[in-house]
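> Supplied in structure tokens, the structure appears directly below.
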Amino acid sequence: MPLKSLCKMLMVWTWTVQALFLFLTIDSAGGGILKPCGHIIPESPVIAPNTTFTAICVLDDSECLRDQHLNANQIFWKIKDTYVPKEQYTVLNRTAASVTLENVSSLGGLLTCNILLYGQIVQTIYGIQIRVGWAPEKPKKLSCIVNGLSNMKCQWDPGKETHLETTYVLKSEWPTRPLTDCIPPPNVNNSCTVDMVVVYVNMDVWVVATNALGNVSSDRINFDPIDIVKLLPPYNVTVSNSKEISSILKVSWANPVDKPFEGLKYNIRYRSSDASNWTLIPPEDTASTRDSFTVQYLKPFTDYVFSIRCMNIEGRGFWSDWSAEASGITYEAKPSNAPSFWYTIDPSQGHGYRLVHLKWKALPRSEANGRILDYEVTLREGKTPRFQRYINDTNLTLNVTNDAFVVSLKARNMIGSSEPSTLTIPGRDFKAAHPVKNLRAFPKDNELWVEWTPPNEPVNKYVLEWCVFSDNLPCTPEWQQEGSATKLTYLRGNLMESKCYLIMVIPVYDNGPGSPQSVKAYLKQAAPSRGPFVRTKKVGKNEAVLVWEHLPVDDQNGFIRNYTIFYRTSSGNETAVHVNSSHTEYTLSPLTSDTLYMVRMAAYTDEGGKDGPEFTFTTPKFAQGEIEAIVVPVCLAFLLTTLLGVLLCFNKLDLIKKHIWPNVPDPSKSHIAQWSPHTPARHNLHPKDQMYPEGNFTDTDVSVVEIEANEKKPLPEDLKSLDLFKKEKITTEGHSSGIGGSSCMSSSRPSISSNDESESGQNTSSTVQYSTVVHSGYRHQLPSVQVFSRSESTQPLLDSEERPEDLQIVENGGNGDGASPRQQYFKQNCNQDEISPDLSHFERSKQVSSVNEEDFVRLKQQQMSDQRSQSSGSGQIKDFEDVSAADHFGSSTEGQIQRFETIGLEAATDEGMSKSYLPQTVRQGGYMPQ
Amino acid sequence: MLPVAGEPAGDSWGMLACLCTVLWHLPAVPALNRTGDPGPGPSIQKTYDLTRYLEHQLRSLAGTYLNYLGPPFNEPDFNPPRLSAEALPSATVDFDVWRSLNDHLRLAQNYQAYSHLLCYVRGLDRHAATAELRRSLAHFCTSLQGLLGSIAGVMAALGYPLPPQGAEPAWAPSPSPSDFLQKMEDFWLLKELQTWLWRSAKDFTWLKKKMHSSAAAVTLRLEAPASDL
């Protein structure tokens, strides 16, 4: 049946390939089961790789053979879809043909026997599956072990994978009879467990492996199962301690029940719970069957862990596995050691007292031997005990006198107290001495070791204090105590790498601590955190002085062994200079002048170095003082030359003067006659001319000028010049106001009257101080004319006088001898002629007009129009006064108004009296040369 | 000895050589015994060990089984009369009579007794209800088979023929008329087993001692002529 279905299946496959539905099978008589037209021999071959295989296809002598006229010649073979070459075919007879395949290595080869129908249609007759695999290898390394009592597990090495279904059977037999085979569970080919093995009877054991290609047996092993027994470990392990003896623990257990013998021996191992190494109790002590054992020489108050294993007492078989661990704690004992004990003194308390901070370290568990309940602190002064205290903490602060005293400390647990640890706190005036010698510290095996030579005096103990030495953090010392015999120890603490530790060793004597010695060390050095900041202190033409500061301790990370200065120009190679670590200054030379240098600096510890930032500087073109050396002589030479020139000038002054300054005539020394046609006026214009009495001339002089101006109409130049002259005079006054008397040296022409005035002032009285400052107004503004009246002078004012009445008052106030005749004269003039005040007004109006010609012109125009409508008189004046005031000045000082009155007066009289001036003047002027 | 002394001088040399050879081989004697033909010694020792082990095994089995039978069988002072157990091979033979037997007979008696007992133990298996008990009985049976084989081995090593095996089915246990009598039979079976094992242990200890002393003598006797050749 399976054959047929296989054949059917194969045919179905073929049909799918051929796409032709042609049945070469014939319906059997019964129920539609197809009968193949042939078959292949062998039916299901299993072959080893690389062997030759021959298959024969036999065509059944049936209907299909007859119907289709098939012949063995037409048979061809295929492996899967590949045609087998014709050369490998052999036609045996009419109905049978064979194929020979060599080196069949494909594991899943489907070999089919086919036939060609009608010369073109491929039809599969039959197919077989060729299975390729290996014969089993001989099992090796067979070994067995008896677990507990009855189960025996045997293992072996099955060897190479066969790729075929292979069975393994563990066979065993006694000498007298065979035993039941052991068949491994499915999918296990390398072990089997035999149930109920009998000990003390030798047995043979071997493995037989079988598959389609053959079978093979392993070597036999013969043994008595008792020799391969591995018991189960002891169980229920418990540990109990003893209150009487703190150094023992009793271990109890239960032996494995299921065992083929009575006698057992044991291994007992133990360790303290924080250790990892086991200690084995000597096996000879545990070589007998038992269920408990007492372990001695243990440490008090320590947690121990135990485990046990067992085996046959005769040593047959194997050790069991180790039992589950059990632990127990030994009982407490009194502390075996006194605690480390130290103190610090806070001397800040006054009044003969000081604070003593006592501190001690909790005993390690191995020395405490129990739970420390408290510490007993006893203070004695001399022989007399002062007090006793029980402290739970590990420090105590006492406020004590400055006297020496002795403190002792005991640690107590529930069993008892430790030996006392005693310290002498010396008096305040105690001088520490006898330090340790040759102190040094070095790292080794990741610890910081301290070594010293003991002092000559007997030492009770040593105290080591240490702290991180840092700029930022204060030193908070840790400490540890060492015995009197110690010369070398390491710091027991959590030390950090690349930190500087300041370690202090203090020997402690009977009478107090000795003087401390300290040393600095690193657990492990590292390169500095940063390099030094180098800069220049002075840069010369060919050298530069570099300065830097030592790195702060926190950045050093080790002992700075040396510095290296690297410097280079922007283009050149770098040059390195090594500098001793103690230096902070270095002079780089020779350098090239006027060159940019880049310099940086590295600091090195034993572990490496670190560069600092780069600093750039430029060497100057000239050395210091070089410029001065050039400039100073040059300046000196120039100065000398100049001096020589000046000297020469002075020597040849006249000559030079002649050449450089041509002789300009001094206007002050000139005569008006030289450029005016009227000689008499010359005298008036020269105040320095002392020929005439002053008073007469002054007045006359003015009159003369007026006359001439009027008379000589055909000579307008003169008048003009006179006007100009007057104008200039006023401006000069204004300009020279600040100069005062020194204005005598200024240009001569405009200062006719002013010179006159000042001269007259000088002549009349040296105490006369006056000056009239007239600011020339700008365009519409009339300058305010400030009049400084003389205080004591009796001299008459020449120009810009007040009204005669005012003058009189002033003159009456003063009493100058020289002035009186002139006053008189003036008065006469005034009395004689009504107009004489007008004259002065006129004069003043002239002055004003010269100050501001435009205003004057306007005034004139106004006057012209007023003239027609209004007649003369005081009302007229008043009106004008109003108009002019309204017209020109919004607000005016009294003086200004006064002056405009005078202007208006002048203007009013101008047209009325202009014609009458001349006769008056002529009348008056008997002085006129005409 | 006299004719030996009367031998020419060469003989004294031979004596010396013999002595030397014996001395030389003395430490090697046990090794010789183990490596080549082991002889009966080890197998006797093994049989003894197995007997002791069976004793040990039987103790736990009997405890369990008697508990299974229930009172009064599991009471320690229960000592019923030996009824309905005539078929069991009795170990209650007089000690002197037993000692007077030769090794072969004793061994043969042992073998036959255990053969019969094994059949009865297998019968126990039929009654046992719990799997644990079945397993213990099965293991005991296997061990008992091992003991039979072991005794056979010893007999073979000593050159004795095995007693005839064909009689075994004759002792096939017949069903007891009542359940109590059946239990009584089981009780006596366990008791007999215990006695037999105890006796066998003694037998093998004795045989072991005997073999040890004789083995040494035999070896010497064998060695001396060999060296003379």
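Residue numbering restarts at 1 in every chain; chains get A, B, ... in the order shown in the structure tokens, and ligands count up from 1 in that same order.
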Among the residues of segment 460-657 of chain A, find those DSSP assigns to helix (DSSP H, G or I) from the backbone and print them as a PyMOL selection string.
chain A and resi 553-556+626-651+653-657
> Would you please extract all strand (DSSP E or B) residues from segment 522-664 of chain A, as assigned by DSSP on the backbone, and give them as a PyMOL selection string?
chain A and resi 522+535-539+544-547+562-569+575-580+585-588+596-605+608-611+615-618
> Please find the residues of chain B near chain A - the criterion being any atom within 12 Å, counting only C-alpha atoms - and write them as JSON, numbers by chain.
{"B": [42, 43, 44, 45, 46, 47, 48, 49, 50, 51, 52, 53, 54, 55, 56, 57, 58, 60, 135, 136, 137, 138, 139, 140, 141, 142, 143, 144, 145, 146, 147, 148, 149, 150, 151, 152, 153, 154, 155, 156, 157, 162]}
> Would you kindly return, as a list of chain:residue names, each protein, DNA or RNA residue with an atom no farther than 10 Å from any atom of Leu69 of chain B, considering only C-alpha atoms and excluding same-chain residues fewer than 2 positions away?
B:Gly63, B:Thr64, B:Tyr65, B:Leu66, B:Asn67, B:Pro71, B:Pro72, B:Phe73, B:Asn74, B:Ala128, B:Phe180, B:Lys183, B:Met184, B:Asp186, B:Phe187
> Could you save the residues just selected, with all heavy atoms, as a short mmCIF file (atom, residue, chain, number, x, y, z; two decimals), in the first residue's frame?

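Saved result, out-v8.cif, follows:
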data_model
loop_
_atom_site.label_atom_id
_atom_site.label_comp_id
_atom_site.auth_asym_id
_atom_site.auth_seq_id
_atom_site.Cartn_x
_atom_site.Cartn_y
_atom_site.Cartn_z
N GLY B 63 10.84 -3.79 57.89
CA GLY B 63 10.11 -2.76 58.65
C GLY B 63 8.90 -2.28 57.87
O GLY B 63 7.78 -2.23 58.38
N THR B 64 9.14 -1.94 56.63
CA THR B 64 8.06 -1.41 55.80
C THR B 64 6.98 -2.47 55.59
O THR B 64 5.78 -2.19 55.71
CB THR B 64 8.62 -0.97 54.43
OG1 THR B 64 9.88 -0.36 54.61
CG2 THR B 64 7.68 -0.01 53.72
N TYR B 65 7.46 -3.68 55.30
CA TYR B 65 6.48 -4.72 54.94
C TYR B 65 5.65 -5.15 56.14
O TYR B 65 4.44 -5.39 56.01
CB TYR B 65 7.21 -5.93 54.33
CG TYR B 65 6.26 -6.85 53.59
CD1 TYR B 65 5.83 -6.53 52.31
CD2 TYR B 65 5.78 -8.02 54.18
CE1 TYR B 65 4.95 -7.34 51.64
CE2 TYR B 65 4.89 -8.84 53.52
CZ TYR B 65 4.48 -8.50 52.24
OH TYR B 65 3.58 -9.30 51.58
N LEU B 66 6.28 -5.25 57.29
CA LEU B 66 5.53 -5.65 58.48
C LEU B 66 4.51 -4.58 58.85
O LEU B 66 3.40 -4.89 59.28
CB LEU B 66 6.47 -5.93 59.65
CG LEU B 66 7.34 -7.19 59.49
CD1 LEU B 66 8.29 -7.34 60.66
CD2 LEU B 66 6.46 -8.42 59.35
N ASN B 67 4.90 -3.35 58.68
CA ASN B 67 3.94 -2.27 58.89
C ASN B 67 2.78 -2.40 57.93
O ASN B 67 1.64 -2.13 58.28
CB ASN B 67 4.61 -0.91 58.71
CG ASN B 67 5.31 -0.47 59.98
OD1 ASN B 67 4.87 -0.85 61.06
ND2 ASN B 67 6.37 0.30 59.82
N PRO B 71 -0.71 -4.89 62.58
CA PRO B 71 -0.58 -5.65 63.81
C PRO B 71 -1.25 -7.02 63.67
O PRO B 71 -2.20 -7.14 62.88
CB PRO B 71 -1.30 -4.78 64.85
CG PRO B 71 -2.18 -3.87 64.08
CD PRO B 71 -1.57 -3.73 62.72
N PRO B 72 -0.74 -7.96 64.33
CA PRO B 72 0.34 -7.91 65.33
C PRO B 72 1.72 -8.11 64.74
O PRO B 72 2.70 -8.15 65.46
CB PRO B 72 -0.03 -9.09 66.24
CG PRO B 72 -0.62 -10.10 65.30
CD PRO B 72 -1.30 -9.32 64.22
N PHE B 73 1.78 -8.22 63.37
CA PHE B 73 3.08 -8.59 62.77
C PHE B 73 4.15 -7.51 62.95
O PHE B 73 5.33 -7.80 62.97
CB PHE B 73 2.88 -8.91 61.29
CG PHE B 73 1.92 -10.03 61.05
CD1 PHE B 73 0.61 -9.80 60.66
CD2 PHE B 73 2.33 -11.34 61.27
CE1 PHE B 73 -0.28 -10.84 60.47
CE2 PHE B 73 1.42 -12.39 61.07
CZ PHE B 73 0.12 -12.15 60.67
N ASN B 74 3.71 -6.28 63.09
CA ASN B 74 4.72 -5.22 63.20
C ASN B 74 5.09 -4.95 64.66
O ASN B 74 5.81 -4.00 64.95
CB ASN B 74 4.25 -3.94 62.51
CG ASN B 74 2.93 -3.45 63.08
OD1 ASN B 74 2.30 -4.13 63.89
ND2 ASN B 74 2.53 -2.24 62.68
N ALA B 128 2.02 -7.18 47.56
CA ALA B 128 2.32 -5.79 47.93
C ALA B 128 1.42 -4.81 47.20
O ALA B 128 1.20 -4.95 46.00
CB ALA B 128 3.78 -5.46 47.63
N PHE B 180 -4.75 -14.57 57.03
CA PHE B 180 -3.87 -14.48 58.17
C PHE B 180 -2.71 -15.44 58.04
O PHE B 180 -1.56 -15.08 58.31
CB PHE B 180 -4.66 -14.76 59.46
CG PHE B 180 -3.84 -14.61 60.70
CD1 PHE B 180 -3.57 -13.36 61.23
CD2 PHE B 180 -3.30 -15.74 61.32
CE1 PHE B 180 -2.81 -13.26 62.36
CE2 PHE B 180 -2.52 -15.61 62.45
CZ PHE B 180 -2.28 -14.37 62.98
N LYS B 183 -0.24 -14.09 55.71
CA LYS B 183 0.59 -13.06 56.34
C LYS B 183 1.62 -13.71 57.25
O LYS B 183 2.77 -13.28 57.31
CB LYS B 183 -0.28 -12.10 57.14
CG LYS B 183 -1.04 -11.10 56.27
CD LYS B 183 -1.80 -10.12 57.11
CE LYS B 183 -2.53 -9.11 56.24
NZ LYS B 183 -3.31 -8.19 57.03
N MET B 184 1.16 -14.76 57.95
CA MET B 184 2.06 -15.49 58.82
C MET B 184 3.21 -16.07 58.01
O MET B 184 4.36 -16.02 58.44
CB MET B 184 1.28 -16.62 59.52
CG MET B 184 2.05 -17.31 60.62
SD MET B 184 2.12 -16.27 62.05
CE MET B 184 0.78 -16.99 62.97
N ASP B 186 4.35 -14.87 55.18
CA ASP B 186 5.21 -13.74 54.79
C ASP B 186 6.13 -13.35 55.94
O ASP B 186 7.32 -13.08 55.76
CB ASP B 186 4.34 -12.54 54.41
CG ASP B 186 3.57 -12.79 53.12
OD1 ASP B 186 3.88 -13.79 52.45
OD2 ASP B 186 2.67 -11.98 52.81
N PHE B 187 5.55 -13.33 57.15
CA PHE B 187 6.32 -12.97 58.32
C PHE B 187 7.49 -13.94 58.50
O PHE B 187 8.63 -13.53 58.70
CB PHE B 187 5.41 -12.99 59.56
CG PHE B 187 6.11 -12.69 60.83
CD1 PHE B 187 6.34 -11.39 61.23
CD2 PHE B 187 6.56 -13.73 61.65
CE1 PHE B 187 7.00 -11.13 62.42
CE2 PHE B 187 7.22 -13.47 62.83
CZ PHE B 187 7.44 -12.16 63.23
#
> For atom CA of Arg412 of chain A and atom CA of Thr394 of chain A, quote the distance in Å rounded to one decimal.
12.6 Å
> Find the spatial neighbours of Thr486 of chain A, counting only C-alpha atoms, within a cut-off of 10 Å - ignore same-chain residues fewer than 2 positions away - and output them as JSON, numbers by chain.
{"A": [451, 452, 453, 454, 461, 462, 481, 482, 483, 484, 488, 489]}
